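Quick look at structure_13.csv (CSV, C-alpha atoms):
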```
chain,number,residue,atom,x,y,z
E,134,MET,CA,69.8,111.9,114.5
E,135,PRO,CA,68.7,112.4,110.9
E,136,ASN,CA,65.5,110.6,110.1
E,137,LEU,CA,66.5,108.9,106.8
E,138,PRO,CA,64.9,105.8,105.3
E,139,ASP,CA,66.6,102.4,104.8
E,140,VAL,CA,66.4,102.5,101.1
E,141,VAL,CA,67.7,98.9,100.7
E,142,LEU,CA,64.8,97.4,102.7
E,143,TRP,CA,62.3,99.6,100.8
E,144,SER,CA,63.8,98.4,97.5
E,145,ILE,CA,63.6,94.7,98.1
E,146,PRO,CA,60.2,94.3,96.4
E,147,ALA,CA,61.6,96.1,93.4
E,148,PHE,CA,64.6,93.8,93.4
E,149,VAL,CA,62.4,90.7,93.4
E,150,LEU,CA,60.1,92.1,90.7
E,151,LEU,CA,62.9,93.1,88.4
E,152,ALA,CA,64.7,89.8,88.8
E,153,VAL,CA,61.5,87.9,87.9
E,154,VAL,CA,61.0,90.2,84.8
E,155,GLU,CA,64.6,89.5,83.7
E,156,MET,CA,64.1,85.7,84.2
E,157,VAL,CA,60.9,85.8,82.1
E,158,SER,CA,62.6,87.9,79.4
E,159,PHE,CA,65.3,85.2,79.0
E,160,ARG,CA,62.6,82.6,78.6
E,161,LEU,CA,60.7,84.6,76.1
E,162,HIS,CA,63.7,86.0,74.2
E,163,PRO,CA,66.7,83.8,74.7
E,164,ASP,CA,70.1,85.3,73.9
E,165,GLU,CA,72.9,83.0,72.9
E,166,ASP,CA,75.5,85.6,73.8
E,167,ALA,CA,74.3,86.0,77.4
E,168,GLU,CA,74.8,83.8,80.4
E,169,GLY,CA,71.2,84.0,81.5
E,170,TYR,CA,70.0,82.2,84.6
E,171,GLU,CA,70.8,78.8,86.2
E,172,ALA,CA,68.5,77.8,89.1
E,173,LYS,CA,71.2,76.7,91.6
E,174,ASP,CA,73.4,79.7,90.9
E,175,ALA,CA,70.5,82.1,91.3
E,176,ALA,CA,69.4,80.4,94.5
E,177,THR,CA,72.9,80.7,95.9
E,178,SER,CA,73.0,84.4,95.1
E,179,VAL,CA,69.7,85.0,96.8
E,180,GLY,CA,70.8,82.9,99.8
E,181,MET,CA,74.0,84.9,100.1
E,182,GLY,CA,72.0,88.1,100.0
E,183,LEU,CA,69.6,87.0,102.7
E,184,GLY,CA,72.5,85.9,104.8
E,185,SER,CA,74.2,89.2,104.3
E,186,LEU,CA,71.2,91.0,105.8
E,187,PHE,CA,71.5,89.1,109.0
E,188,PHE,CA,75.3,89.4,109.3
E,189,ASP,CA,75.3,93.0,108.3
E,190,PHE,CA,72.9,93.7,111.1
E,191,LEU,CA,75.4,92.1,113.5
E,192,TRP,CA,78.4,94.0,112.1
E,193,LYS,CA,76.5,97.3,112.4
E,194,ILE,CA,76.7,97.1,116.2
E,195,PRO,CA,80.5,97.6,116.6
E,196,ILE,CA,80.7,99.8,113.5
E,197,LEU,CA,78.0,102.1,114.7
E,198,ALA,CA,79.8,102.3,118.1
E,199,ILE,CA,83.1,103.3,116.4
E,200,TYR,CA,81.5,105.8,114.1
E,201,THR,CA,79.4,107.4,116.9
E,202,ALA,CA,82.5,107.8,119.1
E,203,LEU,CA,84.4,109.5,116.2
E,204,TYR,CA,81.4,111.7,115.4
E,205,GLU,CA,81.2,112.8,119.0
E,206,LEU,CA,84.9,113.6,119.1
E,207,THR,CA,85.0,115.7,116.0
E,208,PRO,CA,83.9,119.4,116.3
E,209,LEU,CA,82.8,119.4,112.6
E,210,ARG,CA,79.1,118.9,111.6
E,211,VAL,CA,77.6,118.5,108.2
E,212,PRO,CA,73.8,119.3,108.4
E,213,VAL,CA,71.4,117.1,106.5
E,214,LEU,CA,69.9,119.5,104.0
E,215,TRP,CA,68.6,119.2,100.4
E,216,TRP,CA,71.9,120.5,99.0
E,217,THR,CA,74.3,118.7,101.4
E,218,VAL,CA,72.9,115.2,100.7
E,219,PRO,CA,74.2,115.2,97.1
E,220,LEU,CA,77.6,116.3,98.4
E,221,MET,CA,77.6,113.5,101.0
E,222,LEU,CA,76.6,111.0,98.2
E,223,LEU,CA,79.6,112.3,96.2
E,224,GLY,CA,81.9,111.8,99.1
E,225,GLN,CA,80.6,108.4,99.8
E,226,ASP,CA,81.0,107.4,96.2
E,227,PHE,CA,84.7,108.6,96.2
E,228,PHE,CA,85.5,106.5,99.3
E,229,TYR,CA,83.5,103.6,97.9
E,230,TYR,CA,85.8,103.6,94.9
E,231,TRP,CA,88.9,103.2,97.2
E,232,SER,CA,87.2,100.7,99.4
E,233,HIS,CA,86.3,98.6,96.3
E,234,ARG,CA,89.7,98.9,94.8
E,235,GLY,CA,91.3,98.0,98.1
E,236,HIS,CA,89.2,94.9,98.4
E,237,HIS,CA,90.6,93.7,95.1
E,238,VAL,CA,94.3,94.3,95.8
E,239,VAL,CA,94.6,93.3,99.5
E,240,ARG,CA,94.0,89.6,100.0
E,241,ILE,CA,92.4,89.7,103.4
E,242,LEU,CA,89.9,92.2,102.1
E,243,TRP,CA,89.5,90.2,98.9
E,244,ALA,CA,88.5,87.2,101.0
E,245,SER,CA,85.3,89.1,101.8
E,246,HIS,CA,84.6,90.7,98.4
E,247,VAL,CA,85.4,87.5,96.4
E,248,VAL,CA,81.9,86.3,97.2
E,249,HIS,CA,80.4,88.9,94.9
E,250,HIS,CA,82.5,87.7,92.0
E,251,SER,CA,82.1,84.0,92.5
E,252,SER,CA,79.2,83.5,90.1
E,253,ARG,CA,79.8,82.6,86.5
E,254,LYS,CA,76.5,84.2,85.6
E,255,PHE,CA,75.8,87.9,85.4
E,256,ASN,CA,72.2,88.8,86.1
E,257,LEU,CA,70.2,90.8,88.6
E,258,THR,CA,70.4,88.0,91.2
E,259,THR,CA,74.2,88.4,91.0
E,260,ALA,CA,73.8,91.8,92.6
E,261,LEU,CA,72.3,90.0,95.7
E,262,ARG,CA,75.4,87.8,96.1
E,263,GLN,CA,76.9,89.7,99.0
E,264,PRO,CA,79.6,88.8,101.5
E,265,TRP,CA,78.8,87.9,105.1
E,266,THR,CA,82.1,89.5,106.4
E,267,SER,CA,81.5,93.1,105.4
E,268,LEU,CA,83.2,94.3,108.6
E,269,THR,CA,86.3,95.1,106.4
E,270,VAL,CA,84.6,98.1,104.8
E,271,TRP,CA,84.1,100.6,107.6
E,272,PRO,CA,87.7,102.0,107.9
E,273,PHE,CA,87.4,103.5,104.4
E,274,TYR,CA,84.6,105.8,105.5
E,275,VAL,CA,86.2,107.2,108.7
E,276,PRO,CA,87.3,110.4,106.9
E,277,LEU,CA,83.6,111.2,106.2
E,278,VAL,CA,82.6,110.7,109.8
E,279,VAL,CA,85.6,112.8,111.0
E,280,ALA,CA,84.5,115.5,108.6
E,281,GLY,CA,81.2,115.7,110.4
E,282,VAL,CA,78.9,113.4,108.4
E,283,HIS,CA,76.5,111.8,110.7
E,284,PRO,CA,76.7,107.9,110.8
E,285,ALA,CA,73.0,107.7,109.9
E,286,ALA,CA,73.6,110.0,106.8
E,287,LEU,CA,76.5,107.8,105.8
E,288,ALA,CA,74.4,104.7,106.1
E,289,PHE,CA,71.7,106.3,103.9
E,290,CYS,CA,74.4,107.2,101.2
E,291,SER,CA,75.8,103.7,101.3
E,292,SER,CA,72.3,102.2,101.0
E,293,ALA,CA,71.5,104.5,98.0
E,294,SER,CA,74.8,103.4,96.3
E,295,LEU,CA,73.9,99.7,96.8
E,296,VAL,CA,70.4,100.2,95.4
E,297,TYR,CA,71.9,102.1,92.4
E,298,GLN,CA,74.3,99.2,91.7
E,299,PHE,CA,71.5,96.6,91.5
E,300,TRP,CA,70.4,97.5,88.0
E,301,ILE,CA,73.9,97.4,86.5
E,302,HIS,CA,74.1,93.6,87.0
E,303,THR,CA,72.5,92.7,83.7
E,304,GLU,CA,73.3,91.7,80.2
E,305,ARG,CA,69.9,92.8,78.9
E,306,ILE,CA,71.0,96.4,78.6
E,307,ASP,CA,73.7,97.0,76.0
E,308,ARG,CA,74.8,100.7,76.2
E,309,MET,CA,73.3,103.8,77.8
E,310,PRO,CA,73.6,107.2,76.0
E,311,ARG,CA,77.2,108.3,75.6
E,312,TRP,CA,77.0,111.1,78.2
E,313,PHE,CA,75.6,108.6,80.7
E,314,GLU,CA,78.3,106.1,79.9
E,315,PHE,CA,81.0,108.7,80.4
E,316,ALA,CA,79.9,109.8,83.9
E,317,PHE,CA,78.0,106.9,85.5
E,318,ASN,CA,78.5,103.3,86.2
E,319,THR,CA,76.5,101.2,83.7
E,320,PRO,CA,75.8,97.6,82.9
E,321,SER,CA,78.5,97.7,80.2
E,322,HIS,CA,81.2,99.1,82.6
E,323,HIS,CA,80.2,96.6,85.4
E,324,ARG,CA,80.3,93.6,83.1
E,325,VAL,CA,83.9,94.4,82.6
E,326,HIS,CA,84.4,94.5,86.4
E,327,HIS,CA,82.9,91.0,86.8
E,328,ALA,CA,84.9,89.6,83.9
E,329,SER,CA,87.8,87.1,84.4
E,330,GLN,CA,89.8,87.9,81.3
E,331,GLY,CA,93.3,89.3,82.0
E,332,GLY,CA,92.7,92.6,80.2
E,333,TYR,CA,89.5,93.1,82.2
E,334,LEU,CA,90.7,92.0,85.7
E,335,ASP,CA,90.4,94.6,88.5
E,336,ARG,CA,89.0,97.4,86.5
E,337,ASN,CA,86.0,99.7,86.8
E,338,PHE,CA,85.6,100.0,90.6
E,339,GLY,CA,83.1,102.8,90.6
E,340,GLY,CA,79.8,102.6,92.5
E,341,ILE,CA,77.5,105.3,91.1
E,342,LEU,CA,80.1,107.2,89.1
E,343,ILE,CA,82.7,105.9,86.7
E,344,VAL,CA,84.6,109.1,86.7
E,345,TRP,CA,86.9,107.9,89.6
E,346,ASP,CA,88.1,105.1,87.4
E,347,ARG,CA,88.8,107.5,84.5
E,348,LEU,CA,90.7,109.8,86.9
E,349,PHE,CA,92.8,107.1,88.6
E,350,GLY,CA,93.6,104.9,85.6
E,351,SER,CA,91.5,101.9,86.3
E,352,PHE,CA,88.9,102.3,83.6
E,353,VAL,CA,88.5,99.9,80.7
E,354,ALA,CA,85.7,99.9,78.2
E,355,GLU,CA,83.8,96.8,77.2
E,356,THR,CA,84.9,95.4,73.8
E,357,GLU,CA,85.1,91.6,73.8
E,358,ARG,CA,82.4,89.5,75.5
E,359,PRO,CA,83.2,89.1,79.2
E,360,ARG,CA,83.7,85.7,80.8
E,361,TYR,CA,82.3,85.9,84.3
E,362,GLY,CA,83.5,84.4,87.6
E,363,LEU,CA,87.0,84.0,89.0
E,364,THR,CA,90.1,83.0,87.2
E,365,LYS,CA,90.1,80.0,89.6
E,366,ASN,CA,86.4,79.1,90.1
E,367,ILE,CA,85.2,77.4,93.2
E,368,ASP,CA,82.5,75.1,91.7
E,369,THR,CA,80.2,75.0,94.7
E,370,TYR,CA,76.7,76.2,95.7
E,371,ASN,CA,77.3,75.6,99.4
E,372,LEU,CA,76.6,78.9,101.1
E,373,LEU,CA,79.1,78.5,103.8
E,374,LYS,CA,81.9,77.5,101.4
E,375,VAL,CA,81.0,80.5,99.1
E,376,ALA,CA,81.2,82.8,102.1
E,377,THR,CA,84.5,81.5,103.5
E,378,HIS,CA,86.5,79.7,100.8
E,379,GLU,CA,89.2,82.4,100.5
E,380,TYR,CA,89.7,82.6,104.2
E,381,VAL,CA,90.3,78.8,104.1
E,382,SER,CA,92.8,79.3,101.3
E,383,ILE,CA,94.6,82.0,103.3
E,384,ALA,CA,94.8,79.7,106.4
E,385,LYS,CA,96.3,76.9,104.2
E,386,ASP,CA,98.9,79.3,102.8
E,387,LEU,CA,99.8,80.6,106.3
E,388,ARG,CA,100.3,77.0,107.5
E,389,ALA,CA,102.6,76.3,104.5
E,390,ALA,CA,104.4,79.7,104.7
E,391,ARG,CA,108.1,79.9,105.5
E,392,GLY,CA,108.7,82.8,107.8
E,393,TRP,CA,106.8,85.8,108.9
E,394,ARG,CA,107.5,87.8,105.8
E,395,GLU,CA,105.7,85.3,103.7
E,396,ARG,CA,102.9,85.1,106.2
E,397,ALA,CA,102.4,88.8,106.0
E,398,GLY,CA,102.5,88.8,102.2
E,399,ARG,CA,99.9,86.0,102.1
E,400,VAL,CA,97.5,88.2,104.1
E,401,PHE,CA,98.2,91.8,103.1
E,402,ARG,CA,99.6,91.6,99.6
E,403,GLY,CA,97.5,90.9,96.5
E,404,PRO,CA,95.3,87.8,96.0
E,405,GLY,CA,97.9,86.3,93.6
E,406,TRP,CA,101.0,87.1,95.6
E,407,GLY,CA,103.4,84.3,96.4
E,408,PRO,CA,107.2,84.0,97.2
E,409,GLY,CA,109.1,85.1,94.2
E,410,THR,CA,106.2,86.8,92.4
E,411,ALA,CA,106.6,90.5,91.4
E,412,ALA,CA,104.0,93.1,90.7
E,413,VAL,CA,102.9,93.4,87.1
E,414,ALA,CA,103.3,96.9,85.8
E,415,VAL,CA,101.3,98.8,83.3
E,416,SER,CA,101.7,102.3,81.9
E,417,SER,CA,99.6,104.8,83.7
E,418,PRO,CA,97.9,107.6,81.7
E,419,ALA,CA,100.7,109.9,82.8
E,420,GLY,CA,103.3,107.6,81.4
E,421,ALA,CA,104.7,106.5,84.7
E,422,LEU,CA,104.8,102.9,85.7
E,423,ALA,CA,102.3,101.8,88.3
E,424,PRO,CA,101.6,98.4,89.8
E,425,SER,CA,98.6,96.7,88.2
E,426,PRO,CA,95.9,95.5,90.6
E,427,ALA,CA,96.3,91.8,91.5
E,428,ALA,CA,94.4,89.2,89.6
E,429,GLU,CA,91.5,87.3,91.0
E,430,SER,CA,91.9,84.7,93.8
E,431,GLY,CA,95.0,82.6,93.4
E,432,LEU,CA,96.3,83.9,90.1
E,433,VAL,CA,98.3,86.7,88.7
E,434,ALA,CA,97.5,88.0,85.2
E,435,GLU,CA,99.9,88.8,82.5
E,436,PRO,CA,100.4,92.5,81.8
E,437,GLY,CA,97.1,94.1,80.8
E,438,PRO,CA,96.3,97.0,78.5
E,439,VAL,CA,97.4,100.6,79.2
E,440,ALA,CA,95.1,101.9,81.9
E,441,GLY,CA,92.3,104.0,80.5
E,442,THR,CA,92.2,102.1,77.2
E,443,ALA,CA,90.3,99.1,76.1
E,444,PRO,CA,91.9,95.7,75.5
E,445,ALA,CA,92.3,94.5,71.9
E,446,ALA,CA,89.3,92.7,70.6
E,447,ASN,CA,89.4,88.9,71.0
E,448,SER,CA,92.5,89.1,73.2
E,449,ALA,CA,92.7,86.6,76.1
E,450,PRO,CA,95.7,87.2,78.2
E,451,VAL,CA,97.1,84.0,79.9
E,452,ALA,CA,97.2,83.8,83.7
E,453,LYS,CA,99.9,82.0,85.6
E,454,SER,CA,99.3,80.1,88.8
E,455,ALA,CA,100.9,82.0,91.8
E,456,SER,CA,99.8,80.1,94.9
E,457,ALA,CA,98.2,76.9,96.0
```
Give the structure from the file, written as structure tokens.
Amino acid sequence: MPNLPDVVLWSIPAFVLLAVVEMVSFRLHPDEDAEGYEAKDAATSVGMGLGSLFFDFLWKIPILAIYTALYELTPLRVPVLWWTVPLMLLGQDFFYYWSHRGHHVVRILWASHVVHHSSRKFNLTTALRQPWTSLTVWPFYVPLVVAGVHPAALAFCSSASLVYQFWIHTERIDRMPRWFEFAFNTPSHHRVHHASQGGYLDRNFGGILIVWDRLFGSFVAETERPRYGLTKNIDTYNLLKVATHEYVSIAKDLRAARGWRERAGRVFRGPGWGPGTAAVAVSSPAGALAPSPAAESGLVAEPGPVAGTAPAANSAPVAKSASA
């Protein structure tokens, strides 16, 4: 088994130090255009992060068993060498993009990921607001294990991606150099991802790289100031409710559903799907029509901008209620 460090655990002191520095910076140099910090919100994010460490440890047991079985069955092997680790990171980042995108457009997956979007603030503690039901992620990385990537190497790559994404949860950094903004995920790109405006919804899914969004038509540049949170905010700091509120909503919708077709739709279609709703279409870069990713929990956004282009400044597309 490769002897690779747990980079998340090693990075926790840096996470704490940087968050404190950011808090102090807002006290010393307030910014009227930034959300800044709110004590209860930051405490909720930290609490969700600590809880995720415990639950992720539990989920790792069955996931590791599945990955190990698949790894033993495949004849392929990718050695852990200085030049293969960057390739494995690239592969992990590619499948992270599809996992992240899938967790926005399939409601039962969104029920886990919605936790990370539930804060109306955007600061370094927001990065710590992680779900307690991350068991939904593992299927997306099966191709890497089947291709011969050792489960420990995959865990290292996933941890490195998570550590990278910590620093992009800030409003204190405006833009990076143009070449960096083109290739890598940055605070500007990730502010768009956490925004609740219709033109920004379900965009910029990249982990370390933003090139996947550019290639697959989900990139939007930051123009107008983002409004963070969900299109239907939950207004609670209760950790259990934050962790489970979308599962509760799914259960309510299933009880009220009329027939198995609707029940399946409530679970496996987009978060805003309901009987009689249709997928919103936008023009893809190639000119063909493609379904737009669903809006945030409980709502479907009006048609957004052409994929790969920024929304018009000061635009605020209206959202229509789609489900209870």
Non-local contacts of Phe299 (chain E) (9 Å; all atoms listed in the file; under 6 positions in same chain excluded) as a ChimeraX atom specification:
/E:148,257-261
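The space separating CA of Trp345 (chain E) from CA of Phe227 (chain E) comes to 7.0 Å.
Put simply, CA of Ile194 (chain E) is 21.6 Å away from CA of Thr377 (chain E).
Going from CA of Leu197 (chain E) over to CA of Gln263 (chain E), you cover 20.0 Å.
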Within 8 Å of Ser292 (chain E) using all atoms listed in the file, minus same-chain residues under 5 positions, as JSON, numbers by chain:
{"E": [139, 140, 141]}
Spatial sel., origin (75.8, 105.5, 93.5), limit 6 Å, only C-alpha atoms, listed as number ranges by chain:
E: 294, 297, 340-341
Selected residue, from E:Pro320, E:Pro138, E:Gly362, E:Gly405, that lies nearest to Ser291 (chain E) when counting only C-alpha atoms:
E:Pro138
Residues at most 10 Å from region 176-179 of chain E, counting all atoms listed in the file, excluding those fewer than 2 positions away in the same chain, as an NGL selection string?
:E and (149 or 171-174 or 181-185 or 248-249 or 251-252 or 257-263 or 369-372 or 375)
Which polymer residues, whether protein, DNA or RNA, lie within 9 Å of the coordinate (77.8, 112.0, 108.5) when you count all atoms listed in the file? List them as a PyMOL selection string, using the chain letters and numbers from the file.
chain E and resi 204+210-213+221+277-288
Could you take the residues named above and write them with C-alpha atoms, as a PDB file, in the coordinates of the input?
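Done, and the output landed in selection_26.pdb:
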```
ATOM      1  CA  TYR E 204      81.400 111.700 115.400  1.00  0.00           C
ATOM      2  CA  ARG E 210      79.100 118.900 111.600  1.00  0.00           C
ATOM      3  CA  VAL E 211      77.600 118.500 108.200  1.00  0.00           C
ATOM      4  CA  PRO E 212      73.800 119.300 108.400  1.00  0.00           C
ATOM      5  CA  VAL E 213      71.400 117.100 106.500  1.00  0.00           C
ATOM      6  CA  MET E 221      77.600 113.500 101.000  1.00  0.00           C
ATOM      7  CA  LEU E 277      83.600 111.200 106.200  1.00  0.00           C
ATOM      8  CA  VAL E 278      82.600 110.700 109.800  1.00  0.00           C
ATOM      9  CA  VAL E 279      85.600 112.800 111.000  1.00  0.00           C
ATOM     10  CA  ALA E 280      84.500 115.500 108.600  1.00  0.00           C
ATOM     11  CA  GLY E 281      81.200 115.700 110.400  1.00  0.00           C
ATOM     12  CA  VAL E 282      78.900 113.400 108.400  1.00  0.00           C
ATOM     13  CA  HIS E 283      76.500 111.800 110.700  1.00  0.00           C
ATOM     14  CA  PRO E 284      76.700 107.900 110.800  1.00  0.00           C
ATOM     15  CA  ALA E 285      73.000 107.700 109.900  1.00  0.00           C
ATOM     16  CA  ALA E 286      73.600 110.000 106.800  1.00  0.00           C
ATOM     17  CA  LEU E 287      76.500 107.800 105.800  1.00  0.00           C
ATOM     18  CA  ALA E 288      74.400 104.700 106.100  1.00  0.00           C
TER      19      ALA E 288
END
```
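The shortest atom-to-atom distance to Ile145 (chain E), with only C-alpha atoms taken into account, belongs to E:Val296 out of E:Val296, E:Glu165, E:Leu203, E:Val218.
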Hey, what's within 9 Å of region 151-155 of chain E if we count all atoms listed in the file and toss same-chain stuff fewer than 5 positions away? As number ranges by chain, please?
E: 146, 160, 169, 256-258, 300, 303, 305
With the input short on atoms, add all heavy atoms back to region 286-296 of chain E and write it as a PDB file, in the frame of the given file.
```
ATOM      1  N   ALA E 286      73.516 109.417 108.197  1.00  0.00           N
ATOM      2  CA  ALA E 286      73.600 110.000 106.800  1.00  0.00           C
ATOM      3  C   ALA E 286      74.503 109.142 105.969  1.00  0.00           C
ATOM      4  O   ALA E 286      74.230 108.907 104.784  1.00  0.00           O
ATOM      5  CB  ALA E 286      74.027 111.424 106.879  1.00  0.00           C
ATOM      6  N   LEU E 287      75.621 108.685 106.555  1.00  0.00           N
ATOM      7  CA  LEU E 287      76.500 107.800 105.800  1.00  0.00           C
ATOM      8  C   LEU E 287      75.866 106.502 105.465  1.00  0.00           C
ATOM      9  O   LEU E 287      76.019 106.007 104.337  1.00  0.00           O
ATOM     10  CB  LEU E 287      77.797 107.569 106.652  1.00  0.00           C
ATOM     11  CG  LEU E 287      78.821 106.579 106.069  1.00  0.00           C
ATOM     12  CD1 LEU E 287      79.285 107.027 104.692  1.00  0.00           C
ATOM     13  CD2 LEU E 287      80.007 106.428 107.019  1.00  0.00           C
ATOM     14  N   ALA E 288      75.111 105.944 106.396  1.00  0.00           N
ATOM     15  CA  ALA E 288      74.400 104.700 106.100  1.00  0.00           C
ATOM     16  C   ALA E 288      73.389 104.886 104.997  1.00  0.00           C
ATOM     17  O   ALA E 288      73.232 104.016 104.130  1.00  0.00           O
ATOM     18  CB  ALA E 288      73.694 104.209 107.388  1.00  0.00           C
ATOM     19  N   PHE E 289      72.703 106.020 104.987  1.00  0.00           N
ATOM     20  CA  PHE E 289      71.700 106.300 103.900  1.00  0.00           C
ATOM     21  C   PHE E 289      72.462 106.383 102.555  1.00  0.00           C
ATOM     22  O   PHE E 289      71.992 105.810 101.571  1.00  0.00           O
ATOM     23  CB  PHE E 289      71.038 107.630 104.191  1.00  0.00           C
ATOM     24  CG  PHE E 289      70.230 108.139 103.033  1.00  0.00           C
ATOM     25  CD1 PHE E 289      68.981 107.607 102.760  1.00  0.00           C
ATOM     26  CD2 PHE E 289      70.728 109.140 102.202  1.00  0.00           C
ATOM     27  CE1 PHE E 289      68.230 108.060 101.677  1.00  0.00           C
ATOM     28  CE2 PHE E 289      69.992 109.594 101.121  1.00  0.00           C
ATOM     29  CZ  PHE E 289      68.735 109.057 100.852  1.00  0.00           C
ATOM     30  N   CYS E 290      73.600 107.071 102.501  1.00  0.00           N
ATOM     31  CA  CYS E 290      74.400 107.200 101.200  1.00  0.00           C
ATOM     32  C   CYS E 290      74.855 105.838 100.764  1.00  0.00           C
ATOM     33  O   CYS E 290      74.808 105.533  99.563  1.00  0.00           O
ATOM     34  CB  CYS E 290      75.518 108.165 101.432  1.00  0.00           C
ATOM     35  SG  CYS E 290      75.034 109.882 101.718  1.00  0.00           S
ATOM     36  N   SER E 291      75.332 105.011 101.701  1.00  0.00           N
ATOM     37  CA  SER E 291      75.800 103.700 101.300  1.00  0.00           C
ATOM     38  C   SER E 291      74.675 102.826 100.802  1.00  0.00           C
ATOM     39  O   SER E 291      74.837 102.078  99.832  1.00  0.00           O
ATOM     40  CB  SER E 291      76.472 103.007 102.540  1.00  0.00           C
ATOM     41  OG  SER E 291      77.613 103.722 102.965  1.00  0.00           O
ATOM     42  N   SER E 292      73.512 102.941 101.416  1.00  0.00           N
ATOM     43  CA  SER E 292      72.300 102.200 101.000  1.00  0.00           C
ATOM     44  C   SER E 292      71.901 102.652  99.570  1.00  0.00           C
ATOM     45  O   SER E 292      71.555 101.837  98.711  1.00  0.00           O
ATOM     46  CB  SER E 292      71.198 102.334 101.954  1.00  0.00           C
ATOM     47  OG  SER E 292      71.530 101.783 103.209  1.00  0.00           O
ATOM     48  N   ALA E 293      71.921 103.960  99.348  1.00  0.00           N
ATOM     49  CA  ALA E 293      71.500 104.500  98.000  1.00  0.00           C
ATOM     50  C   ALA E 293      72.495 103.988  96.956  1.00  0.00           C
ATOM     51  O   ALA E 293      72.074 103.642  95.842  1.00  0.00           O
ATOM     52  CB  ALA E 293      71.545 106.019  98.072  1.00  0.00           C
ATOM     53  N   SER E 294      73.794 103.921  97.271  1.00  0.00           N
ATOM     54  CA  SER E 294      74.800 103.400  96.300  1.00  0.00           C
ATOM     55  C   SER E 294      74.502 101.941  95.999  1.00  0.00           C
ATOM     56  O   SER E 294      74.572 101.514  94.846  1.00  0.00           O
ATOM     57  CB  SER E 294      76.190 103.563  96.892  1.00  0.00           C
ATOM     58  OG  SER E 294      77.160 102.966  96.054  1.00  0.00           O
ATOM     59  N   LEU E 295      74.183 101.152  97.032  1.00  0.00           N
ATOM     60  CA  LEU E 295      73.900  99.700  96.800  1.00  0.00           C
ATOM     61  C   LEU E 295      72.678  99.529  95.962  1.00  0.00           C
ATOM     62  O   LEU E 295      72.661  98.658  95.077  1.00  0.00           O
ATOM     63  CB  LEU E 295      73.718  99.055  98.192  1.00  0.00           C
ATOM     64  CG  LEU E 295      73.863  97.535  98.248  1.00  0.00           C
ATOM     65  CD1 LEU E 295      75.275  97.107  97.853  1.00  0.00           C
ATOM     66  CD2 LEU E 295      73.539  97.030  99.645  1.00  0.00           C
ATOM     67  N   VAL E 296      71.648 100.338  96.201  1.00  0.00           N
ATOM     68  CA  VAL E 296      70.400 100.200  95.400  1.00  0.00           C
ATOM     69  C   VAL E 296      70.725 100.605  93.942  1.00  0.00           C
ATOM     70  O   VAL E 296      70.262  99.933  93.008  1.00  0.00           O
ATOM     71  CB  VAL E 296      69.324 101.133  95.975  1.00  0.00           C
ATOM     72  CG1 VAL E 296      68.150 101.252  95.000  1.00  0.00           C
ATOM     73  CG2 VAL E 296      68.845 100.579  97.315  1.00  0.00           C
TER      74      VAL E 296
END
```
